[in-house]
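Source file: entry.pdb; contents: PDB, C-alpha atoms and all ligand atoms.
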MODEL        1
ATOM      1  CA  MET O 430      17.217   2.051 -12.936
ATOM      2  CA  SER O 431      17.683  -0.323 -10.080
ATOM      3  CA  ALA O 432      16.389  -1.008  -6.622
ATOM      4  CA  GLU O 433      19.349   0.863  -5.131
ATOM      5  CA  LYS O 434      17.657   4.009  -6.264
ATOM      6  CA  PHE O 435      15.316   3.831  -3.303
ATOM      7  CA  THR O 436      15.626   3.079   0.366
ATOM      8  CA  ILE O 437      12.475   2.012   2.161
ATOM      9  CA  LEU O 438      11.918   4.099   5.260
ATOM     10  CA  GLN O 439      11.501   1.901   8.299
ATOM     11  CA  LEU O 440       9.087   2.273  11.207
ATOM     12  CA  GLY O 441      10.387   5.001  13.478
ATOM     13  CA  HIS O 442      11.580   7.253  10.655
ATOM     14  CA  PRO O 443       9.700  10.529  11.220
ATOM     15  CA  HIS O 444       8.992  11.009   7.497
ATOM     16  CA  LEU O 445       6.703   7.947   7.566
ATOM     17  CA  ARG O 446       4.455   9.999   9.842
ATOM     18  CA  LEU O 447       4.034  13.041   7.579
ATOM     19  CA  ILE O 448       0.835  13.990   5.789
ATOM     20  CA  ALA O 449       1.917  13.842   2.147
ATOM     21  CA  ARG O 450       1.113  16.700  -0.213
ATOM     22  CA  ASN O 451      -0.986  16.530  -3.358
ATOM     23  CA  VAL O 452       0.830  15.782  -6.602
ATOM     24  CA  GLU O 453       0.778  18.781  -8.935
ATOM     25  CA  ASN O 454       2.233  18.753 -12.437
ATOM     26  CA  ILE O 455       1.492  15.078 -12.903
ATOM     27  CA  LYS O 456       2.799  15.183 -16.460
ATOM     28  CA  SER O 457       6.149  16.738 -15.559
ATOM     29  CA  ASP O 458       9.275  14.683 -16.280
ATOM     30  CA  ASN O 459      10.048  14.735 -12.594
ATOM     31  CA  ILE O 460       6.832  12.996 -11.610
ATOM     32  CA  GLN O 461       6.705  10.672 -14.642
ATOM     33  CA  ASN O 462      10.284   9.504 -14.054
ATOM     34  CA  PHE O 463       9.551   8.962 -10.381
ATOM     35  CA  ILE O 464       6.505   6.851 -11.313
ATOM     36  CA  ASP O 465       8.593   4.740 -13.714
ATOM     37  CA  ASP O 466      11.226   4.176 -11.043
ATOM     38  CA  LEU O 467       8.634   3.227  -8.452
ATOM     39  CA  LEU O 468       6.896   0.778 -10.834
ATOM     40  CA  HIS O 469      10.235  -0.824 -11.523
ATOM     41  CA  TYR O 470      11.021  -0.982  -7.838
ATOM     42  CA  VAL O 471       7.726  -2.524  -6.738
ATOM     43  CA  SER O 472       8.101  -5.331  -9.263
ATOM     44  CA  GLU O 473      11.688  -5.959  -8.116
ATOM     45  CA  VAL O 474      10.696  -6.290  -4.490
ATOM     46  CA  ASN O 475       7.490  -8.199  -5.339
ATOM     47  CA  GLY O 476       5.376  -5.776  -3.346
ATOM     48  CA  MET O 477       1.584  -5.708  -3.411
ATOM     49  CA  GLY O 478       1.831  -1.984  -3.170
ATOM     50  CA  ILE O 479       4.158   0.834  -2.318
ATOM     51  CA  SER O 480       3.571   4.448  -1.484
ATOM     52  CA  ALA O 481       5.738   7.456  -2.279
ATOM     53  CA  PRO O 482       6.258   8.359   1.405
ATOM     54  CA  GLN O 483       7.861   4.940   1.996
ATOM     55  CA  VAL O 484      10.679   5.924  -0.356
ATOM     56  CA  ASP O 485      10.884   9.365   1.231
ATOM     57  CA  HIS O 486       8.869  11.295  -1.332
ATOM     58  CA  SER O 487       6.119  13.102   0.522
ATOM     59  CA  LEU O 488       3.565  12.892  -2.287
ATOM     60  CA  ARG O 489       0.009  11.561  -2.482
ATOM     61  CA  LEU O 490       0.857   8.738  -4.836
ATOM     62  CA  PHE O 491       1.010   4.964  -4.546
ATOM     63  CA  ILE O 492       1.098   1.845  -6.674
ATOM     64  CA  MET O 493      -1.194  -1.149  -6.317
ATOM     65  CA  SER O 494       0.340  -4.251  -7.783
ATOM     66  CA  SER O 495      -1.351  -7.437  -6.768
ATOM     67  CA  LYS O 496      -0.516 -10.950  -7.888
ATOM     68  CA  PRO O 497      -0.729 -14.327  -6.170
ATOM     69  CA  ASN O 498       2.391 -15.465  -4.338
ATOM     70  CA  THR O 499       3.199 -17.947  -1.589
ATOM     71  CA  ARG O 500       2.258 -15.448   1.120
ATOM     72  CA  TYR O 501      -1.005 -14.380  -0.552
ATOM     73  CA  PRO O 502      -2.065 -17.281  -2.782
ATOM     74  CA  HIS O 503      -5.530 -15.775  -3.257
ATOM     75  CA  ALA O 504      -4.378 -12.303  -4.239
ATOM     76  CA  PRO O 505      -5.907 -11.286  -7.579
ATOM     77  CA  SER O 506      -3.701 -10.548 -10.572
ATOM     78  CA  MET O 507      -3.718  -6.972 -11.696
ATOM     79  CA  GLN O 508      -1.537  -4.732 -13.790
ATOM     80  CA  PRO O 509       0.428  -2.402 -11.517
ATOM     81  CA  THR O 510      -1.742   0.686 -11.192
ATOM     82  CA  VAL O 511      -0.539   4.164 -10.339
ATOM     83  CA  ILE O 512      -2.919   5.947  -7.962
ATOM     84  CA  ILE O 513      -2.476   9.707  -7.576
ATOM     85  CA  ASN O 514      -4.229  12.092  -5.159
ATOM     86  CA  PRO O 515      -6.650   9.364  -4.040
ATOM     87  CA  GLU O 516      -9.745   9.704  -1.927
ATOM     88  CA  ILE O 517     -12.246   7.168  -0.713
ATOM     89  CA  ILE O 518     -15.724   8.414  -1.500
ATOM     90  CA  SER O 519     -17.706   5.628   0.111
ATOM     91  CA  VAL O 520     -17.152   2.431   2.036
ATOM     92  CA  ALA O 521     -19.070  -0.662   3.017
ATOM     93  CA  LYS O 522     -19.953   0.072   6.640
ATOM     94  CA  LYS O 523     -18.741  -3.176   8.105
ATOM     95  CA  VAL O 524     -15.106  -4.062   8.622
ATOM     96  CA  GLU O 525     -13.251  -7.344   8.273
ATOM     97  CA  LYS O 526      -9.925  -8.363   9.732
ATOM     98  CA  ASP O 527      -7.257  -9.977   7.600
ATOM     99  CA  TRP O 528      -3.480 -10.246   7.549
ATOM    100  CA  GLU O 529      -1.255  -7.413   6.424
ATOM    101  CA  GLY O 530       2.436  -6.746   6.289
ATOM    102  CA  CYS O 531       4.466  -3.780   5.136
ATOM    103  CA  LEU O 532       7.896  -3.131   3.633
ATOM    104  CA  SER O 533       8.346  -0.410   6.265
ATOM    105  CA  VAL O 534       7.538  -2.767   9.156
ATOM    106  CA  PRO O 535       9.594  -5.864   8.381
ATOM    107  CA  SER O 536       8.997  -9.225  10.041
ATOM    108  CA  ILE O 537       5.615  -8.300  11.517
ATOM    109  CA  ARG O 538       2.186  -9.466  10.361
ATOM    110  CA  ALA O 539      -1.076  -8.401  11.886
ATOM    111  CA  LEU O 540      -4.811  -8.724  11.534
ATOM    112  CA  VAL O 541      -6.079  -5.310  10.472
ATOM    113  CA  PRO O 542      -9.725  -4.241  10.279
ATOM    114  CA  ARG O 543     -10.605  -2.737   6.881
ATOM    115  CA  HIS O 544     -13.729  -2.020   4.885
ATOM    116  CA  PRO O 545     -14.292  -4.978   2.538
ATOM    117  CA  SER O 546     -15.405  -2.735  -0.292
ATOM    118  CA  ILE O 547     -14.770   0.877  -1.220
ATOM    119  CA  ILE O 548     -15.441   3.350  -3.983
ATOM    120  CA  ALA O 549     -12.366   5.455  -4.660
ATOM    121  CA  ARG O 550     -11.539   8.419  -6.813
ATOM    122  CA  TYR O 551      -8.018   9.140  -8.014
ATOM    123  CA  THR O 552      -6.018  10.627 -10.856
ATOM    124  CA  THR O 553      -4.119   8.418 -13.310
ATOM    125  CA  ARG O 554      -0.579   9.108 -14.490
ATOM    126  CA  ASN O 555      -2.141  10.577 -17.650
ATOM    127  CA  GLY O 556      -3.984  13.124 -15.569
ATOM    128  CA  GLU O 557      -7.458  11.595 -15.883
ATOM    129  CA  GLN O 558      -9.763  11.471 -12.886
ATOM    130  CA  VAL O 559     -11.340   8.062 -12.449
ATOM    131  CA  GLU O 560     -13.625   6.303 -10.027
ATOM    132  CA  ALA O 561     -13.126   2.662  -9.162
ATOM    133  CA  THR O 562     -14.742   0.099  -6.913
ATOM    134  CA  TYR O 563     -12.454  -2.273  -5.072
ATOM    135  CA  SER O 564     -13.383  -5.166  -2.893
ATOM    136  CA  GLY O 565     -11.639  -7.788  -0.801
ATOM    137  CA  PHE O 566      -7.885  -7.879  -1.085
ATOM    138  CA  LEU O 567      -7.619  -4.862  -3.391
ATOM    139  CA  ALA O 568      -9.822  -2.748  -1.110
ATOM    140  CA  ARG O 569      -7.428  -3.721   1.676
ATOM    141  CA  VAL O 570      -4.324  -2.781  -0.300
ATOM    142  CA  PHE O 571      -5.883   0.554  -1.290
ATOM    143  CA  GLN O 572      -6.712   1.434   2.335
ATOM    144  CA  HIS O 573      -3.264   0.340   3.524
ATOM    145  CA  GLU O 574      -1.477   2.480   0.929
ATOM    146  CA  LEU O 575      -3.773   5.476   1.414
ATOM    147  CA  ASP O 576      -2.957   5.338   5.131
ATOM    148  CA  HIS O 577       0.732   5.833   4.276
ATOM    149  CA  LEU O 578      -0.177   9.152   2.614
ATOM    150  CA  ASN O 579      -1.631  10.230   5.945
ATOM    151  CA  GLY O 580       1.269   9.090   8.108
ATOM    152  CA  ILE O 581      -0.505   5.963   9.319
ATOM    153  CA  VAL O 582       1.022   2.477   9.360
ATOM    154  CA  PHE O 583      -0.978  -0.736   9.612
ATOM    155  CA  ILE O 584       0.030  -1.557  13.166
ATOM    156  CA  ASP O 585      -1.688   1.694  14.254
ATOM    157  CA  ARG O 586      -4.974   0.032  13.327
ATOM    158  CA  VAL O 587      -4.402  -3.261  15.132
ATOM    159  CA  GLU O 588      -7.076  -3.637  17.804
ATOM    160  CA  ASP O 589      -5.408  -6.215  20.009
ATOM    161  CA  ASN O 590      -1.722  -7.019  20.457
ATOM    162  CA  HIS O 591      -2.681 -10.668  20.127
ATOM    163  CA  ASP O 592      -3.523  -9.897  16.491
ATOM    164  CA  MET O 593       0.205  -9.380  15.793
ATOM    165  CA  MET O 594       2.675 -12.091  14.829
ATOM    166  CA  ALA O 595       6.293 -12.462  13.898
ATOM    167  CA  GLU O 596       6.604 -13.318  10.211
ATOM    168  CA  GLN O 597       8.162 -16.680  11.070
ATOM    169  CA  GLU O 598       5.129 -17.771  13.106
ATOM    170  CA  TRP O 599       2.710 -16.320  10.570
ATOM    171  CA  LEU O 600       4.288 -18.412   7.810
ATOM    172  CA  LYS O 601       3.652 -21.547   9.898
ATOM    173  CA  LEU O 602       0.045 -20.475  10.380
ATOM    174  CA  ILE O 603      -0.713 -19.829   6.724
ATOM    175  CA  SER O 604       1.024 -23.020   5.606
ATOM    176  CA  GLN O 605      -1.551 -24.926   7.705
ATOM    177  CA  ARG O 606      -4.469 -23.324   5.894
TER     178      ARG O 606
HETATM  179 ZN    ZN O 701       2.831  -0.392   3.971
ENDMDL
END

Would you mind giving the structure from this file in C-alpha cells?
Amino acid sequence: MSAEKFTILQLGHPHLRLIARNVENIKSDNIQNFIDDLLHYVSEVNGMGISAPQVDHSLRLFIMSSKPNTRYPHAPSMQPTVIINPEIISVAKKVEKDWEGCLSVPSIRALVPRHPSIIARYTTRNGEQVEATYSGFLARVFQHELDHLNGIVFIDRVEDNHDMMAEQEWLKLISQR
C-alpha cells in the first residue's frame, strides 16, 4: 500500500460535489481494505482528516486523525478514527470562526464558522453504532469532513472573502501568534 493508490480530487472536480451514498456491507473485504488504505494514506499525508469522496469513492465515510503539528500546534492527539454513515444529532447553537484548509483546496486557508460542540452518531468499522461528543478542533474537523459527504467544501461556508488567505500569508500570520 502506498500513497500512489489514491489521487486527491481537487476543487472543480464534479465528484467532489456529489452527495455520497451510505456504506452498506461495512464488514466486506472491499470496505475493510478501503478503510485500511485510507488510514495508511491519511498518516502519510499528515492529514487531520480525509473523506472517501476526496479520493473518488462516493461513500459516507471519513477519518478523523488529529495531532499537533506546526500548522495546528493546539490540535489534540487522537487515534485515527473511522467514521461511517455519520449524522450530527445536536449542536451548540452558536458558531465560532477558525482557520481551515483542505487537501482538495490546496494553498488556501479560510476562517470558517462552525458549531464549537456537537453530538454525533456514526457506525464504527466493526459495525457498532456509537454516539460521541466533540468540541473545539475535533468538532470542526467532524463538520468539515461531514460536509465532504454532502458535496460541500469549506470555502462554500466562508462568509467574507476577506476571511480567505493564501497559505503563504497564513503561515506568516500564525507564526506571529
Ligand atoms: Zn477537506

* **O:Arg489, O:His503, O:Lys601, O:Arg538 ranked by distance to O:Asp576, top pick (using all atoms listed in the file)** => O:Arg489

Specify the axis-aligned box that encloses all atoms of stretch 556-566 of chain O listed in the file after padding of 3 Å on each side, stating its centre and edge lengths in Å to one decimal as lines of an AutoDock Vina configuration file.
center_x = -9.4
center_y = 2.6
center_z = -8.3
size_x = 16.8
size_y = 27.0
size_z = 21.1

Mind running chain O against ligand ZN 701 (chain O) at 9 Å and telling me each contacting residue's nearest atom pair with the distance in Å (one decimal), counting all atoms listed in the file, chain and number ascending, as a Markdown table?
| residue | atom | partner | partner_atom | distance |
| --- | --- | --- | --- | --- |
| O:Gly478 | CA | O:ZN701 | ZN | 7.4 |
| O:Ile479 | CA | O:ZN701 | ZN | 6.5 |
| O:Ser480 | CA | O:ZN701 | ZN | 7.3 |
| O:Gln483 | CA | O:ZN701 | ZN | 7.6 |
| O:Glu529 | CA | O:ZN701 | ZN | 8.5 |
| O:Gly530 | CA | O:ZN701 | ZN | 6.8 |
| O:Cys531 | CA | O:ZN701 | ZN | 3.9 |
| O:Leu532 | CA | O:ZN701 | ZN | 5.8 |
| O:Ser533 | CA | O:ZN701 | ZN | 6.0 |
| O:Val534 | CA | O:ZN701 | ZN | 7.4 |
| O:Val570 | CA | O:ZN701 | ZN | 8.7 |
| O:His573 | CA | O:ZN701 | ZN | 6.2 |
| O:Glu574 | CA | O:ZN701 | ZN | 6.0 |
| O:Asp576 | CA | O:ZN701 | ZN | 8.2 |
| O:His577 | CA | O:ZN701 | ZN | 6.6 |
| O:Ile581 | CA | O:ZN701 | ZN | 9.0 |
| O:Val582 | CA | O:ZN701 | ZN | 6.4 |
| O:Phe583 | CA | O:ZN701 | ZN | 6.8 |

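With all atoms listed in the file as the basis for measurement, O:Pro535 is the residue among O:Pro497, O:Gly556, O:Pro509, O:Pro535 that approaches O:Gln439 most closely.
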
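The space between atom CA of O:Ala549 and atom CA of O:His442 spans 28.5 Å.
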
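When all atoms listed in the file are used to measure the gap to O:Ile517, the shortest distance among O:Ile548, O:Ala449, O:Val559, O:Leu600 belongs to O:Ile548.
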
* To do: Tell me, in Å to one decimal, how far atom CA of O:Leu447 is from atom CA of O:Asn579.
  => 6.5 Å

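Counting from atom CA of O:Lys496, the distance to atom CA of O:Gln572 is 17.2 Å.
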
* the PyMOL selection byres (((chain O and resi 520-528) around 6) and not hetatm) resolved against shown file, as a PyMOL selection string -> chain O and resi 519+529+539-544+546-547
